[in-house]
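> Could you have a look at this structure, given as structure tokens, before my questions?
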Amino acid sequence: MAVVRLRARFRARDLFAEALAGLFTRPGRSLLTAMGAVLGIASLVATLGIAETAGAQIVTAFDELAATSVVVTNDRGFFGTSQTQVALPWDSEERVSRLNGVVAAGTMADVQLGGRLTSAVPVNDPLGLTEFQMPMIAASPGLYAAARGELSTGRWFDQGHSERADRVVVLGTGVAQRLNVTRVDQQPVVFVGDASFAVLGILEDVQRQPELLNALIIPEGTAREMYDLESPTTVQIDTEIGAASLISAQAPVAVSPDDPDAVQVQAPLEPDEVRADVEEDVNALFLMLGGVSLLVGAIGIANVTLVSVLERIGEIGLRRALGAGRRHIAYQFLLESTGVGLFGGVIGAGTGVLVVVTVSALRTWTPVMDPRIALAAPVLGALVGLLAGLYPALRASRMAPVDSLRAGATG
Amino acid sequence: MTAELIRLVRVGRTFRSGDIEVRALRDADLEVTRGEYLSIVGPSGSGKSTLLNIIALLDRHTSGTYRFEGTDVTELSEGARTGLRAHRIGFVFQSFHLLAHRTVTENVVMSMLYNSVPPRERRTRARAALDRVGLDHRAGFRPGRLSGGERQRVAIARAIATRPAILICDEPTGNLDSASTESVLELFDDLRSDGLTLLVVTHDNAVSARAERIVRMHDGRLSEPIAV
């Protein structure tokens, strides 16, 4: 019989069966060995999942307010750079509203009242203070929507009021309280200096530009006519989600085409950046922790595999005598440690996902997780097992069959 | 097929450990023909195991030539030697070397993992081998529940399941009581009458007496043969 035809072989199916049998020979030990990998993988998966969940949570909170708010002002900044202050055009609201991605826009400006006092009744009441110094803000009709205002009663003024310079006012809720105005159905009037203004409505709440709540708000046209207002100073823009960065780049050009750099833009961090920042913070620490536990897990697998190699010297010798090549022995032990790692990875991924869900449930967050993490975790576990098994497998394959058979007396 | 199965010509084996050299085997000449029942006897430390390991291709000799079934295995690669072991040589060890967590059948099947026996045939051949050694009724048992003699017979079944050219036994009765020894020796006789070549290393004269031919070893030298 030709020697060439007598090469030892080890079918893949047999290899898997033998490795599996090796693992199930001592199920308790295999389980404990896998625990290291379980802990490592679980902490990695949980870390990534919680970071992602928390990041998404923060972004959700930001989305509603800051992430869709862009503010353009003609402020020259705190130090007042050498540039001259530009006047924002009166039609800023219209210009900005044309931009794609803008939901609402409105302009506003402080009105200098020159010491005029405000009161709700034209009589002097000797018993109480009825006249107050109150800030006045000139606003465009669109500001109500752009600042996400909410009226408790009455209405906001419109373009007609502004164009006709009607003497109407919307009271911020703070102002309304001090002036004792609670309803508008009987057409109350407030006096600013000698001028009377019909109260149109009371602004209960805003989500942006909170100074509106403590001011008398009049149409821009009226302010221009009565108090010589020169120009709006602030453009408040409400954008669609995700459009903020685009709008913050386009809005300055829209309102100040000849010198876009002269205006200041306050734009929120992009959601992606916020998320990335949060994830980075959480991740750096916990990923390190997960990495360390995974390393410890790997050492555990390597250790136990090595012990099991030394324990099974007799079996190794027998297999060699029965015709197993060095690499067959190596494959078998490698596959066993890989199996332990894979098992640890699967359990660890499950545990990690469970942790993320539990934490989210306790915090009433929405758990967010890239499914690729859960799928990659077992692969990582198997890889760790494979690496951990390299040295023990090498040791096993190097054993001379003679020594192995002498050293190990089994059954 | 020639009658010659094994031929050793001036085979030696020297172990080196630092500066110390031990010549465990010196100029051994040995010929084994097919169907022979040969016993190698000698006191412990005489080099029996060394000779056996070389014949069994578990160890390499350091001088001389060794032909197995007409092939010079002296220069054979490790892979080819492994292949020969898997297909042509059956082993029986003093300490049985059965895997405690596998059933008797699974232990027998193991010898066919590394050679060309198709997976579908393995169970059938394992059953046939167990039948041959009279242990088919123990097929589902674990080795721990068997007597010493039964365990050694399982090991023999494992060795013959691959249909080797030669069965090499290293002190096969060393761990057995006299009754079990007898059952194993009877089995050897049966296998011999089937035409299997047997090579039994032992220090027990009662065991070697059953062989057709006895080779004595002393201080690493073979002395042959006193006709029986």
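FYI, nothing fancy with the structure tokens labels: chains A, B, ... in order, residues from 1 per chain, ligands from 1 as they appear.
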To test your reading of the structure, identify every residue in chain B that backbone DSSP assigns to strand (DSSP E), and report it as an MDAnalysis selection string.
chainID B and resid 4:17 20:33 37:41 63:68 71:72 89:92 166:170 197:202 213:218 221:223
> For chain B against chain A, which residues fall within 6 Å using only C-alpha atoms, given as a ChimeraX atom specification?
/B:80,82-86,95,97-98,100,111,114-115
> So what do you get for CA of Ala165 in chain A versus CA of Gly221 in chain A, distance-wise?
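So the two atoms, CA of Ala165 in chain A and CA of Gly221 in chain A, lie 4.9 Å apart.
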> Go through range 152-366 of chain A and collect every residue that DSSP, computed from the backbone, puts in alpha helix (DSSP H); the answer should be as number ranges by chain.
A: 159-164, 173-178, 220-227, 244-255, 271-311, 313-321, 326-363
> Within 7 Å of Thr107 in chain A, counting only C-alpha atoms, which residues qualify if same-chain residues fewer than 4 places away don't, as a PyMOL selection string?
chain A and resi 92-93+139-140+143+232+234-236
> Taking N, CA and C atoms for each residue, export the selection above as a PDB file, in the first residue's frame.

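As a result, out.pdb now contains:
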```pdb
ATOM      1  N   SER A  92     -36.620  91.007   7.591  1.00  0.00           N
ATOM      2  CA  SER A  92     -35.807  89.824   7.927  1.00  0.00           C
ATOM      3  C   SER A  92     -36.663  88.565   8.057  1.00  0.00           C
ATOM      4  N   GLU A  93     -37.832  88.759   8.699  1.00  0.00           N
ATOM      5  CA  GLU A  93     -38.703  87.592   8.900  1.00  0.00           C
ATOM      6  C   GLU A  93     -39.042  86.929   7.577  1.00  0.00           C
ATOM      7  N   ALA A 139     -41.990  93.371  18.290  1.00  0.00           N
ATOM      8  CA  ALA A 139     -41.856  92.048  17.691  1.00  0.00           C
ATOM      9  C   ALA A 139     -42.576  91.983  16.363  1.00  0.00           C
ATOM     10  N   SER A 140     -42.137  91.058  15.517  1.00  0.00           N
ATOM     11  CA  SER A 140     -42.829  90.834  14.258  1.00  0.00           C
ATOM     12  C   SER A 140     -43.900  89.778  14.478  1.00  0.00           C
ATOM     13  N   LEU A 143     -42.856  86.126  15.339  1.00  0.00           N
ATOM     14  CA  LEU A 143     -42.066  85.773  16.520  1.00  0.00           C
ATOM     15  C   LEU A 143     -42.818  84.808  17.432  1.00  0.00           C
ATOM     16  N   PRO A 232     -34.821  95.899  13.679  1.00  0.00           N
ATOM     17  CA  PRO A 232     -34.826  94.776  14.623  1.00  0.00           C
ATOM     18  C   PRO A 232     -33.381  94.454  15.025  1.00  0.00           C
ATOM     19  N   THR A 234     -32.779  91.286  16.685  1.00  0.00           N
ATOM     20  CA  THR A 234     -32.651  89.827  16.838  1.00  0.00           C
ATOM     21  C   THR A 234     -33.615  89.127  15.888  1.00  0.00           C
ATOM     22  N   VAL A 235     -33.137  88.081  15.234  1.00  0.00           N
ATOM     23  CA  VAL A 235     -34.025  87.230  14.443  1.00  0.00           C
ATOM     24  C   VAL A 235     -34.052  85.861  15.099  1.00  0.00           C
ATOM     25  N   GLN A 236     -35.220  85.469  15.549  1.00  0.00           N
ATOM     26  CA  GLN A 236     -35.359  84.131  16.143  1.00  0.00           C
ATOM     27  C   GLN A 236     -35.921  83.193  15.065  1.00  0.00           C
TER      28      GLN A 236
END
```
> I'd like the contact shell of range 53-66 of chain B - 8 Å cut-off, only C-alpha atoms, skipping same-chain residues fewer than 5 positions apart - returned as a compact mmCIF listing (two decimals) with N, CA and C atoms, in the first residue's frame.

```txt
# COMPACT_ATOMS: atom_id res chain seq x y z
N ALA A 321 -1.19 8.61 19.06
CA ALA A 321 -0.91 7.22 18.73
C ALA A 321 -1.92 6.69 17.72
N ALA A 400 5.25 15.14 22.71
CA ALA A 400 5.62 13.90 22.03
C ALA A 400 4.70 12.80 22.50
N PRO A 401 4.21 11.99 21.59
CA PRO A 401 3.24 10.97 21.98
C PRO A 401 3.77 10.02 23.04
N VAL A 402 5.06 9.71 22.97
CA VAL A 402 5.62 8.77 23.95
C VAL A 402 5.48 9.32 25.36
N ILE B 6 8.03 -6.17 9.30
CA ILE B 6 8.93 -5.22 9.96
C ILE B 6 10.35 -5.74 9.84
N ARG B 7 11.26 -4.83 9.51
CA ARG B 7 12.66 -5.23 9.50
C ARG B 7 13.52 -4.11 10.08
N LEU B 8 14.19 -4.44 11.21
CA LEU B 8 15.11 -3.49 11.83
C LEU B 8 16.52 -3.95 11.54
N VAL B 9 17.36 -3.04 11.06
CA VAL B 9 18.76 -3.38 10.81
C VAL B 9 19.64 -2.43 11.62
N ARG B 10 20.33 -3.00 12.61
CA ARG B 10 21.27 -2.24 13.45
C ARG B 10 20.67 -0.91 13.94
N VAL B 11 19.45 -1.03 14.44
CA VAL B 11 18.76 0.18 14.90
C VAL B 11 19.23 0.53 16.32
N GLY B 12 19.53 1.83 16.52
CA GLY B 12 19.95 2.29 17.84
C GLY B 12 19.18 3.54 18.23
N ARG B 13 19.11 3.77 19.51
CA ARG B 13 18.45 4.98 20.00
C ARG B 13 19.25 5.52 21.17
N THR B 14 19.73 6.74 21.02
CA THR B 14 20.52 7.36 22.07
C THR B 14 19.78 8.58 22.59
N ASP B 27 22.17 -1.38 18.27
CA ASP B 27 22.29 -2.29 17.12
C ASP B 27 21.25 -3.41 17.13
N ASP B 72 11.01 2.33 3.83
CA ASP B 72 11.99 2.81 4.79
C ASP B 72 11.40 4.01 5.52
N VAL B 73 11.11 3.85 6.79
CA VAL B 73 10.45 4.93 7.53
C VAL B 73 11.45 5.86 8.21
N THR B 74 12.76 5.55 8.02
CA THR B 74 13.79 6.35 8.70
C THR B 74 13.67 7.83 8.35
N ARG B 81 4.43 9.47 8.90
CA ARG B 81 4.49 8.51 10.01
C ARG B 81 3.16 8.49 10.75
N THR B 82 2.59 9.68 10.95
CA THR B 82 1.27 9.79 11.60
C THR B 82 0.23 9.02 10.79
N ARG B 85 0.62 5.36 11.29
CA ARG B 85 0.08 4.98 12.60
C ARG B 85 -1.43 4.85 12.54
N ILE B 89 -1.25 0.57 12.23
CA ILE B 89 -0.78 0.11 13.52
C ILE B 89 -1.87 0.26 14.57
N ILE B 168 0.27 -3.73 18.44
CA ILE B 168 1.40 -3.57 19.34
C ILE B 168 0.90 -3.36 20.75
```
> When you look at range 368-374 of chain A with a cut-off of 6 Å (counting only C-alpha atoms), what residues show up, excluding the ones that are within fewer than 6 positions of it in the same chain? I need them as a count of residues only.
3
